[in-house]
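Asks: Supplied structure: target18.csv, CSV, C-alpha atoms.
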chain,number,residue,atom,x,y,z
A,1,MET,CA,2.5,-0.4,18.9
A,2,SER,CA,2.5,3.3,19.3
A,3,GLU,CA,-0.8,5.1,18.9
A,4,ASP,CA,1.1,7.8,16.9
A,5,PHE,CA,1.5,5.3,14.1
A,6,CYS,CA,-1.1,3.9,11.7
A,7,GLY,CA,-3.8,6.4,12.9
A,8,GLN,CA,-6.8,6.3,15.2
A,9,VAL,CA,-10.5,5.8,14.7
A,10,SER,CA,-12.8,7.3,17.4
A,11,GLY,CA,-9.7,7.5,19.6
A,12,ASN,CA,-8.8,3.8,19.2
A,13,PRO,CA,-5.4,3.0,17.5
A,14,VAL,CA,-5.4,1.0,14.3
A,15,VAL,CA,-3.4,-2.2,14.6
A,16,HIS,CA,-4.2,-3.6,11.2
A,17,TYR,CA,-5.3,-2.4,7.8
A,18,ILE,CA,-7.3,-4.9,5.7
A,19,GLY,CA,-8.1,-3.1,2.5
A,20,ILE,CA,-10.8,-0.9,1.0
A,21,ASP,CA,-14.5,-1.8,0.9
A,22,PRO,CA,-15.3,-1.9,-2.9
A,23,GLY,CA,-18.9,-0.8,-2.2
A,24,ASN,CA,-18.4,2.4,-0.1
A,25,HIS,CA,-14.7,2.9,-0.9
A,26,LEU,CA,-13.8,3.3,2.9
A,27,PRO,CA,-10.8,1.7,4.5
A,28,LEU,CA,-11.4,-1.5,6.5
A,29,MET,CA,-9.4,-1.5,9.7
A,30,ILE,CA,-8.9,-3.3,13.0
A,31,THR,CA,-8.6,-1.1,16.0
A,32,LEU,CA,-7.8,-1.9,19.6
A,33,ASP,CA,-9.9,-0.6,22.5
A,34,SER,CA,-8.9,0.1,26.1
A,35,ARG,CA,-10.2,-3.4,27.1
A,36,GLY,CA,-7.9,-5.1,24.6
A,37,ARG,CA,-10.7,-6.0,22.2
A,38,HIS,CA,-10.3,-5.9,18.4
A,39,TRP,CA,-12.9,-3.9,16.5
A,40,LEU,CA,-13.5,-4.2,12.8
A,41,THR,CA,-14.5,-0.8,11.5
A,42,ASP,CA,-14.7,1.5,8.4
A,43,GLY,CA,-15.4,4.6,10.5
A,44,THR,CA,-19.2,4.3,9.9
A,45,ARG,CA,-19.8,0.7,11.1
A,46,SER,CA,-18.0,-1.3,13.8
A,47,THR,CA,-18.2,-4.8,15.3
A,48,VAL,CA,-16.0,-6.6,17.8
A,49,VAL,CA,-13.9,-9.5,16.4
A,50,TYR,CA,-11.4,-11.8,18.0
A,51,PRO,CA,-7.7,-11.1,18.0
A,52,ALA,CA,-5.9,-12.5,14.9
A,53,VAL,CA,-5.0,-15.6,16.9
A,54,ARG,CA,-6.6,-16.8,20.1
A,55,ASP,CA,-5.4,-19.9,22.0
A,56,ASN,CA,-8.2,-21.3,24.2
A,57,SER,CA,-7.1,-23.1,27.3
A,58,GLY,CA,-8.6,-26.2,28.8
A,59,VAL,CA,-9.6,-29.6,27.4
A,60,GLY,CA,-10.0,-29.7,23.6
A,61,ALA,CA,-8.4,-26.3,23.2
A,62,VAL,CA,-8.1,-25.0,19.6
A,63,THR,CA,-6.3,-22.0,18.0
A,64,PHE,CA,-8.8,-19.6,16.4
A,65,THR,CA,-7.5,-17.6,13.5
A,66,TYR,CA,-9.6,-14.7,12.2
A,67,ASP,CA,-9.9,-14.3,8.5
A,68,TYR,CA,-8.6,-10.7,7.8
A,69,THR,CA,-9.9,-10.3,4.2
A,70,VAL,CA,-11.9,-7.7,2.4
A,71,ASP,CA,-14.7,-10.1,1.5
A,72,ARG,CA,-15.0,-11.5,5.1
A,73,SER,CA,-14.9,-8.0,6.6
A,74,THR,CA,-17.5,-6.5,4.3
A,75,SER,CA,-19.7,-9.5,5.0
A,76,LEU,CA,-19.5,-8.9,8.7
A,77,LEU,CA,-20.1,-5.2,8.4
A,78,SER,CA,-23.0,-5.6,6.0
A,79,THR,CA,-25.4,-6.5,8.8
A,80,ILE,CA,-24.6,-3.3,10.7
A,81,GLU,CA,-26.4,0.0,10.0
A,82,PRO,CA,-23.9,2.8,9.2
A,83,ILE,CA,-23.7,5.9,11.3
A,84,LYS,CA,-23.5,8.8,8.9
A,85,THR,CA,-22.0,12.0,10.0
A,86,LYS,CA,-20.4,15.0,8.1
A,87,GLU,CA,-17.0,14.0,9.2
A,88,LEU,CA,-15.5,10.5,9.6
A,89,PRO,CA,-14.0,9.8,13.0
A,90,PHE,CA,-10.5,9.5,11.6
A,91,ASN,CA,-7.3,11.3,12.5
A,92,PRO,CA,-5.1,12.5,9.6
A,93,LEU,CA,-2.9,9.4,9.6
A,94,ILE,CA,-5.9,7.3,8.5
A,95,TYR,CA,-6.1,9.3,5.3
A,96,VAL,CA,-2.4,8.8,4.6
A,97,ASN,CA,-2.6,5.0,5.0
A,98,TRP,CA,-6.0,4.9,3.2
A,99,LEU,CA,-4.3,6.4,0.1
A,100,LEU,CA,-1.7,3.6,0.3
A,101,LEU,CA,-4.5,1.0,0.3
A,102,ALA,CA,-6.0,2.6,-2.8
A,103,VAL,CA,-2.7,2.7,-4.6
A,104,TYR,CA,-2.1,-1.0,-3.8
A,105,ARG,CA,-5.5,-2.0,-5.1
A,106,MET,CA,-4.8,-0.2,-8.4
A,107,VAL,CA,-1.4,-1.9,-8.7
A,108,GLN,CA,-3.1,-5.3,-8.0
A,109,SER,CA,-5.6,-4.7,-10.8
A,110,HIS,CA,-2.7,-5.2,-13.3
A,111,PRO,CA,-2.0,-8.9,-13.9
A,112,ARG,CA,1.5,-10.2,-12.9
A,113,GLY,CA,4.0,-9.4,-15.6
A,114,THR,CA,2.1,-6.5,-17.2
A,115,LEU,CA,3.7,-3.1,-17.3
A,116,GLY,CA,7.0,-5.0,-16.6
A,117,ILE,CA,5.9,-5.4,-13.0
A,118,ASP,CA,7.2,-8.6,-11.4
A,119,ARG,CA,5.7,-8.3,-8.0
A,120,ALA,CA,3.9,-5.8,-5.8
A,121,VAL,CA,3.6,-6.2,-2.0
A,122,MET,CA,2.2,-4.1,0.9
A,123,ASP,CA,3.8,-4.2,4.3
A,124,HIS,CA,4.9,-1.9,7.1
A,125,ASP,CA,7.6,0.6,6.3
A,126,PRO,CA,11.0,-0.3,7.9
A,127,LEU,CA,12.9,2.4,6.2
A,128,PHE,CA,12.0,5.2,8.6
A,129,ASP,CA,11.4,2.9,11.6
A,130,SER,CA,7.7,3.5,11.3
A,131,ASN,CA,4.6,1.3,11.4
A,132,GLN,CA,3.0,3.1,8.5
A,133,LEU,CA,2.1,1.2,5.3
A,134,ARG,CA,4.4,0.8,2.4
A,135,VAL,CA,3.7,-0.4,-1.1
A,136,LYS,CA,6.7,-1.9,-2.9
A,137,ILE,CA,6.7,-2.5,-6.7
A,138,GLN,CA,9.5,-4.4,-8.4
A,139,GLY,CA,10.1,-4.7,-12.1
A,140,VAL,CA,11.0,-7.7,-14.1
A,141,GLU,CA,14.8,-8.5,-14.2
A,142,LYS,CA,16.2,-7.8,-17.7
A,143,LEU,CA,19.6,-7.7,-19.4
A,144,TYR,CA,20.8,-4.2,-20.2
A,145,LEU,CA,23.7,-3.1,-22.4
A,146,ILE,CA,24.9,0.0,-20.6
A,147,LYS,CA,28.0,0.7,-22.7
A,148,ARG,CA,29.1,-0.8,-26.0
A,149,PHE,CA,31.6,-3.7,-25.8
A,150,ARG,CA,30.8,-4.1,-22.1
A,151,PRO,CA,29.0,-7.1,-20.6
A,152,ARG,CA,25.2,-6.7,-20.3
A,153,ARG,CA,24.0,-6.2,-16.7
A,154,ARG,CA,20.9,-7.5,-15.1
A,155,GLY,CA,18.6,-4.8,-13.6
A,156,HIS,CA,15.0,-3.8,-12.7
A,157,PHE,CA,13.1,-0.8,-11.5
A,158,LEU,CA,12.0,-0.5,-7.9
A,159,VAL,CA,9.2,1.8,-6.7
A,160,GLU,CA,8.1,2.4,-3.1
A,161,ILE,CA,5.2,4.5,-1.9
A,162,ILE,CA,5.4,5.1,1.8
A,163,ALA,CA,2.9,6.6,4.3
A,164,ARG,CA,4.7,9.0,6.6
A,165,ASP,CA,3.8,10.0,10.1
A,166,ASN,CA,4.1,13.7,9.1
A,167,GLU,CA,0.8,13.1,7.1
A,168,GLN,CA,2.5,12.9,3.8
A,169,VAL,CA,3.1,10.2,1.2
A,170,MET,CA,6.6,9.6,-0.1
A,171,LEU,CA,7.1,8.3,-3.7
A,172,LEU,CA,10.6,6.8,-4.3
A,173,ALA,CA,11.7,5.1,-7.5
A,174,GLU,CA,14.9,4.0,-9.0
A,175,HIS,CA,16.3,1.7,-11.7
A,176,THR,CA,19.1,-0.5,-10.5
A,177,VAL,CA,21.3,-0.1,-13.6
A,178,LEU,CA,20.0,2.8,-15.7
A,179,GLY,CA,20.5,5.4,-13.0
A,180,LEU,CA,17.0,6.8,-13.2
A,181,VAL,CA,15.7,8.2,-9.9
A,182,LEU,CA,12.4,9.7,-8.7
A,183,SER,CA,11.8,11.2,-5.2
A,184,LYS,CA,8.6,13.1,-4.3
A,185,SER,CA,6.7,14.0,-1.1
A,186,LEU,CA,3.0,14.4,-1.6
A,187,ASP,CA,0.5,16.1,0.6
A,188,VAL,CA,-2.6,13.9,1.2
A,189,ARG,CA,-6.0,15.3,0.3
A,190,PRO,CA,-8.5,13.9,2.8
A,191,GLY,CA,-11.6,12.3,1.1
A,192,GLU,CA,-9.8,12.0,-2.3
A,193,ALA,CA,-8.1,8.6,-1.8
A,194,GLU,CA,-9.2,7.1,-5.1
A,195,LEU,CA,-8.5,10.2,-7.2
A,196,GLN,CA,-5.1,10.8,-5.6
A,197,ALA,CA,-4.2,7.1,-6.0
A,198,ARG,CA,-4.8,7.4,-9.7
A,199,GLU,CA,-2.5,10.4,-9.8
A,200,ILE,CA,0.2,8.5,-8.0
A,201,MET,CA,-0.3,5.5,-10.3
A,202,ASP,CA,0.2,7.9,-13.3
A,203,GLU,CA,3.5,9.0,-11.7
A,204,ILE,CA,4.5,5.3,-11.4
A,205,LEU,CA,3.6,4.5,-15.0
A,206,ASP,CA,5.5,7.6,-16.2
A,207,PHE,CA,8.6,6.4,-14.4
A,208,ILE,CA,8.2,2.8,-15.8
A,209,TRP,CA,7.8,4.3,-19.3
A,210,ALA,CA,11.0,6.4,-18.7
A,211,CYS,CA,12.9,3.3,-17.8
A,212,ASN,CA,11.7,1.5,-21.0
A,213,ASN,CA,12.2,4.6,-23.1
A,214,ASP,CA,15.7,5.2,-21.8
A,215,ALA,CA,16.6,1.5,-22.4
A,216,ARG,CA,15.4,1.7,-26.0
A,217,ASN,CA,16.9,5.1,-27.1
A,218,ASP,CA,20.2,5.5,-25.3
A,219,GLY,CA,22.4,3.3,-27.5
A,220,GLU,CA,21.9,0.5,-29.9
A,221,ASP,CA,20.4,-2.8,-28.7
A,222,ARG,CA,20.6,-1.5,-25.1
A,223,LEU,CA,17.7,-3.6,-23.8
A,224,GLU,CA,17.5,-7.3,-24.3
A,225,GLY,CA,14.3,-8.9,-22.8
So, in terms of structure tokens, how does the structure I just supplied come out?
Replies:
Amino acid sequence: MSEDFCGQVSGNPVVHYIGIDPGNHLPLMITLDSRGRHWLTDGTRSTVVYPAVRDNSGVGAVTFTYDYTVDRSTSLLSTIEPIKTKELPFNPLIYVNWLLLAVYRMVQSHPRGTLGIDRAVMDHDPLFDSNQLRVKIQGVEKLYLIKRFRPRRRGHFLVEIIARDNEQVMLLAEHTVLGLVLSKSLDVRPGEAELQAREIMDEILDFIWACNNDARNDGEDRLEG
């Protein structure tokens, strides 16, 4: 994995993003040091953890799998005294991916099926051949009457929020049959992940509303649930 992707904490590249600590609102990350060790860190506290999977050799060998969850991570870090400085030891790419983590947490706060959202996932962005994070939100499949006397077509909205290695976040949205499209590049404001995530969520909700509004108003009986 290139150190140019996913960011660095105290000079060590981030190899995995876990989530956001609900207590201090900092990103929880796994970094890799020069000795090949994995560190769990939020930028103020750090502890060595095993790699995600470790195969012990010898008699009675077992495969050890580390539990990369927010609850487990916050529990481990809770015993460590934080080092407080004016500036966190992050490079700019951390803030970009931190914002994606905050957006994903907000999306996850809506139960499945609400807002017309069928599923939401977070993975690494393949679109631009980058290891940055990507949040993908897919709407529920519905039948739409696009033109009178034509067969109804199945469609849904698709929203992607992508962390870019130019320290921006890209917001892309489209509806597969209504022809509605949204494309925006957003500059990340360091230290304002939660606030900016709400702003991005508002953009997403506006787009979802536009899809529903377009389906209701552009022709009779256009949308059939």
Asks: Just how far from atom CA of A:Asp165 is atom CA of A:Val188, in Å to one decimal?
Replies: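 That distance, rounded to one decimal, is 11.6 Å.
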Asks: Within 12 Å of (-8.7, 14.7, -1.8) (file coordinates; all atoms listed in the file), which protein or nucleic acid residues are there? I'd like them as a PyMOL selection string.
Replies: chain A and resi 95-96+98-99+186-199
Asks: Would you mind reading off the distance between atom CA of A:Cys6 and atom CA of A:Gln132, one decimal, in Å?
Replies: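 Interatomic distance here is 5.3 Å.
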Asks: Using atom CA of A:Asn91 and atom CA of A:Ile162 as the two end points, give the distance in Å to one decimal.
Replies: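 Interatomic distance, atom CA of A:Asn91 to atom CA of A:Ile162: 17.7 Å.
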Asks: List as a PDB file with C-alpha atoms, in the frame of the given file the protein and nucleic acid residues near A:Val70, meaning an atom at most 9 Å away when all atoms listed in the file are counted, but skip any in the same chain fewer than 5 places from it.
Replies:
ATOM      1  CA  ILE A  18      -7.300  -4.900   5.700  1.00  0.00           C
ATOM      2  CA  GLY A  19      -8.100  -3.100   2.500  1.00  0.00           C
ATOM      3  CA  ILE A  20     -10.800  -0.900   1.000  1.00  0.00           C
ATOM      4  CA  ASP A  21     -14.500  -1.800   0.900  1.00  0.00           C
ATOM      5  CA  PRO A  22     -15.300  -1.900  -2.900  1.00  0.00           C
ATOM      6  CA  LEU A  28     -11.400  -1.500   6.500  1.00  0.00           C
ATOM      7  CA  SER A  75     -19.700  -9.500   5.000  1.00  0.00           C
TER       8      SER A  75
END
Asks: Please determine the residues with any atom at most 9 Å from (15.9, -1.9, -9.8) (coordinates as given in the file, with only C-alpha atoms counting) and report them as a list in words.
Replies: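 Result, sorted by chain then residue number: Gln138, Gly139, Val140, Glu141, Gly155, His156, Phe157, Leu158, Val159, Ala173, Glu174, His175, Thr176, Val177 and Leu178 of chain A.
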Asks: Suppose we keep C-alpha atoms; can you now write the selection as a compact mmCIF listing (two decimals), in the frame of the given file?
Replies:
# COMPACT_ATOMS: atom_id res chain seq x y z
CA GLN A 138 9.50 -4.40 -8.40
CA GLY A 139 10.10 -4.70 -12.10
CA VAL A 140 11.00 -7.70 -14.10
CA GLU A 141 14.80 -8.50 -14.20
CA GLY A 155 18.60 -4.80 -13.60
CA HIS A 156 15.00 -3.80 -12.70
CA PHE A 157 13.10 -0.80 -11.50
CA LEU A 158 12.00 -0.50 -7.90
CA VAL A 159 9.20 1.80 -6.70
CA ALA A 173 11.70 5.10 -7.50
CA GLU A 174 14.90 4.00 -9.00
CA HIS A 175 16.30 1.70 -11.70
CA THR A 176 19.10 -0.50 -10.50
CA VAL A 177 21.30 -0.10 -13.60
CA LEU A 178 20.00 2.80 -15.70
Asks: Ranking A:Ile30, A:Val14, A:Leu172, A:Leu133 by minimum distance to A:Leu100 and counting all atoms listed in the file, which one comes first?
Replies: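 Checking each of A:Ile30, A:Val14, A:Leu172, A:Leu133 against A:Leu100, counting all atoms listed in the file, the winner is A:Leu133.
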Asks: Counting only C-alpha atoms, what is within 7 Å of A:Pro13, bar same-chain residues fewer than 4 positions away, as number ranges by chain?
Replies: A: 3, 7-9, 31-32
Asks: Pick out the closest residue to A:Ile94 from this set: A:Leu115, A:Val169, A:Val48, A:Ala210. Count all atoms listed in the file.
Replies: A:Val169
Asks: Tell me which protein, DNA and RNA residues are within 12 Å of A:Tyr68, counting all atoms listed in the file, leaving out same-chain ones fewer than 6 positions away, and put them as a count of residues only.
Replies: 18
Asks: Using all atoms listed in the file, find the one residue out of A:Pro82, A:Gly116, A:Gly179, A:Gly23 that sits nearest to A:Ser46.
Replies: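 Ranking A:Pro82, A:Gly116, A:Gly179, A:Gly23 by distance to A:Ser46, first place goes to A:Pro82.
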Asks: Which one of A:Arg154, A:Arg119, A:His25, A:His110 sits closest to A:Val135 if you count all atoms listed in the file?
Replies: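 The answer is A:Arg119, which sits nearest to A:Val135.
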Asks: Using all atoms listed in the file, which residue out of A:Leu180, A:Ile80, A:Leu26, A:Val121 lies closest to A:Asn97?
Replies: A:Leu26
Asks: Some atoms are absent from stretch 69-91 of chain A, so rebuild N, CA and C atoms and return them as an mmCIF file, in the coordinates of the input.
Replies:
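Final file, result18.cif:
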data_model
loop_
_atom_site.group_PDB
_atom_site.id
_atom_site.type_symbol
_atom_site.label_atom_id
_atom_site.label_comp_id
_atom_site.auth_asym_id
_atom_site.auth_seq_id
_atom_site.Cartn_x
_atom_site.Cartn_y
_atom_site.Cartn_z
ATOM 1 N N THR A 69 -9.756 -10.592 5.644
ATOM 2 C CA THR A 69 -9.900 -10.300 4.200
ATOM 3 C C THR A 69 -10.936 -9.309 3.960
ATOM 4 N N VAL A 70 -10.866 -8.671 2.799
ATOM 5 C CA VAL A 70 -11.900 -7.700 2.400
ATOM 6 C C VAL A 70 -13.254 -8.305 2.359
ATOM 7 N N ASP A 71 -13.354 -9.460 1.697
ATOM 8 C CA ASP A 71 -14.700 -10.100 1.500
ATOM 9 C C ASP A 71 -15.285 -10.482 2.867
ATOM 10 N N ARG A 72 -14.480 -11.060 3.741
ATOM 11 C CA ARG A 72 -15.000 -11.500 5.100
ATOM 12 C C ARG A 72 -15.390 -10.240 5.878
ATOM 13 N N SER A 73 -14.601 -9.200 5.805
ATOM 14 C CA SER A 73 -14.900 -8.000 6.600
ATOM 15 C C SER A 73 -16.147 -7.288 6.108
ATOM 16 N N THR A 74 -16.287 -7.147 4.790
ATOM 17 C CA THR A 74 -17.500 -6.500 4.300
ATOM 18 C C THR A 74 -18.737 -7.309 4.580
ATOM 19 N N SER A 75 -18.581 -8.640 4.607
ATOM 20 C CA SER A 75 -19.700 -9.500 5.000
ATOM 21 C C SER A 75 -20.150 -9.258 6.403
ATOM 22 N N LEU A 76 -19.191 -9.161 7.312
ATOM 23 C CA LEU A 76 -19.500 -8.900 8.700
ATOM 24 C C LEU A 76 -20.170 -7.552 8.923
ATOM 25 N N LEU A 77 -19.632 -6.535 8.250
ATOM 26 C CA LEU A 77 -20.100 -5.200 8.400
ATOM 27 C C LEU A 77 -21.464 -4.940 7.720
ATOM 28 N N SER A 78 -21.801 -5.787 6.763
ATOM 29 C CA SER A 78 -23.000 -5.600 6.000
ATOM 30 C C SER A 78 -24.285 -5.667 6.810
ATOM 31 N N THR A 79 -24.211 -6.316 7.950
ATOM 32 C CA THR A 79 -25.400 -6.500 8.800
ATOM 33 C C THR A 79 -25.563 -5.316 9.781
ATOM 34 N N ILE A 80 -24.629 -4.368 9.749
ATOM 35 C CA ILE A 80 -24.600 -3.300 10.700
ATOM 36 C C ILE A 80 -25.048 -1.970 10.000
ATOM 37 N N GLU A 81 -25.970 -1.251 10.582
ATOM 38 C CA GLU A 81 -26.400 0.000 10.000
ATOM 39 C C GLU A 81 -25.351 1.084 10.191
ATOM 40 N N PRO A 82 -24.936 1.742 9.109
ATOM 41 C CA PRO A 82 -23.900 2.800 9.200
ATOM 42 C C PRO A 82 -24.365 4.002 9.963
ATOM 43 N N ILE A 83 -23.450 4.621 10.695
ATOM 44 C CA ILE A 83 -23.700 5.900 11.300
ATOM 45 C C ILE A 83 -23.141 6.983 10.428
ATOM 46 N N LYS A 84 -23.993 7.797 9.870
ATOM 47 C CA LYS A 84 -23.500 8.800 8.900
ATOM 48 C C LYS A 84 -23.421 10.162 9.555
ATOM 49 N N THR A 85 -22.227 10.705 9.466
ATOM 50 C CA THR A 85 -22.000 12.000 10.000
ATOM 51 C C THR A 85 -21.237 12.836 8.900
ATOM 52 N N LYS A 86 -21.132 14.143 9.103
ATOM 53 C CA LYS A 86 -20.400 15.000 8.100
ATOM 54 C C LYS A 86 -18.960 14.654 8.040
ATOM 55 N N GLU A 87 -18.380 14.313 9.180
ATOM 56 C CA GLU A 87 -17.000 14.000 9.200
ATOM 57 C C GLU A 87 -16.741 12.607 9.762
ATOM 58 N N LEU A 88 -15.851 11.862 9.133
ATOM 59 C CA LEU A 88 -15.500 10.500 9.600
ATOM 60 C C LEU A 88 -14.648 10.643 10.865
ATOM 61 N N PRO A 89 -14.730 9.673 11.770
ATOM 62 C CA PRO A 89 -14.000 9.800 13.000
ATOM 63 C C PRO A 89 -12.521 9.324 12.880
ATOM 64 N N PHE A 90 -11.858 9.865 11.864
ATOM 65 C CA PHE A 90 -10.500 9.500 11.600
ATOM 66 C C PHE A 90 -9.538 10.641 11.988
ATOM 67 N N ASN A 91 -8.337 10.292 12.446
ATOM 68 C CA ASN A 91 -7.300 11.300 12.500
ATOM 69 C C ASN A 91 -6.555 11.362 11.227
#
